[in-house]
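Everything on this sheet refers to the single structure shown next.
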Amino acid sequence: IVCTSTTKITVGENASWEDNGTFTPSTSEVSFLGSTNQTITGSSNPSFYNLTLNKSGGDLLLSKDISISNNLTMTSGDFDLQNSSIDLGSTGVIQSETESNRIKVGDPSTNTGTIYYTRTINSVTDFDPANLGIAITTDQNLGSITVVRGHQRQQGTGSFTANFSVARYYSVPGIGEIDGTNTNVQLSYWEAELGASHPNEANLVAYQQIVEGGSNVWTPLDGSVNVTNNYVLPSANPYDSYVYGDAYASLTFNDVFTLGSTDSPLPVELLSFTAEKYGDDTVELKWITL
């Protein structure tokens, strides 16, 4: 199919999009309007210009990686990424996403679907790339990076493998250590992403992945929750004291962030514990925790 600039394709009731050839979108719009589940599938990976969900029921299921170069408009209905991805390039934008018509994965415990956006980020304040839902502040030039939003729950480690994050995470390459002022990330969420393990959104905590001793672990970030507008904002100097203690030199700040809860926290683990005897009646205890 070769589109003109005015082409509008409606995928209606009981219809899906199976692409086994070549689709040339120009500046066309493809709209999904069905009342039951519809699917984007086929042997090819289609590139859309404008893609609109205006469904009266069911989800749009993604079974192939796709790209969208202009608007992904979420008028009505959910977009289930399953195990595929949406590439917004450097010009695509998510429009009108809400709690009731959102981008998600059907099974956040196993589905790996992501949506991502690539552009140069240099000295920005509260910049939300492509409306992915993460407001980035940095006084540094991160260069051309790909910001990723995924919906697979992140699992705790060590003694906390039974704990999981909400059904959303972000990756911001190069951002590293944050300070809550010159470098920070404001993380948005939908209440539908909280799940049974996070019954009280007022207890949400932002977590950043770090590397300690060759292992990926999660560190909580001090901050506040806005339950009205659904976001968590780390505060100034958000790290716990251990980050600035003896273990600090061995820490590497990864670029992955998620939200957990004090109801079901991500790991806080014991790194080391020593006891040293002084004289006949004194013992000095030292420990380092994550």
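Lettering and numbering for the structure tokens are positional, with chains as A, B, ... in the shown order, residues counted from 1 in each chain, and ligands counted from 1 in the shown order.
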Please report, as CSV, each residue of range 112-163 of chain A lying at most 9 Å from range 183-205 of chain A, together with the nearest pair of atoms and the separation in Å rounded to one decimal; use only C-alpha atoms, and order rows by chain and ascending residue number.
```
residue,atom,partner,partner_atom,distance
A:Thr125,CA,A:Thr183,CA,8.8
A:Asp126,CA,A:Gln186,CA,7.7
A:Leu132,CA,A:Ser188,CA,8.7
A:Gly133,CA,A:Ser188,CA,5.1
A:Ile134,CA,A:Leu187,CA,4.9
A:Ala135,CA,A:Gln186,CA,4.9
A:Ile136,CA,A:Val185,CA,4.8
A:Thr137,CA,A:Asn184,CA,5.0
A:Thr138,CA,A:Thr183,CA,4.3
A:Asp139,CA,A:Thr183,CA,6.6
A:Gln140,CA,A:Thr183,CA,8.3
A:His151,CA,A:Glu193,CA,8.4
A:Asn163,CA,A:Ser197,CA,8.0
```
Please identify all polymer residues within 8 Å of range 79-85 of chain A, counting only C-alpha atoms, omitting same-chain residues fewer than 3 positions from it, and present them as number ranges by chain.
A: 53, 59-66, 101-107, 111-116
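By chain and then residue number, the residues within 6 Å of range 8-14 of chain A are Ser28, Glu29, Val30, Ser31, Phe32, Leu33 and Gly34 of chain A, counting only C-alpha atoms and disregarding those fewer than 6 positions away in sequence.
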Set the distance at 12 Å and use only C-alpha atoms: which residues neighbour Thr258 in chain A once local chain neighbours fewer than 6 positions away are removed? I'd like the list as JSON, numbers by chain.
{"A": [133, 134, 148, 149, 150, 151, 152, 153, 154, 155, 156, 164, 165, 166, 167, 168, 169, 170, 171, 172, 185, 186, 187, 188, 189, 193, 194, 204, 205, 206, 207, 208, 209, 218, 219, 220, 221, 231, 232, 233, 234, 265, 266]}
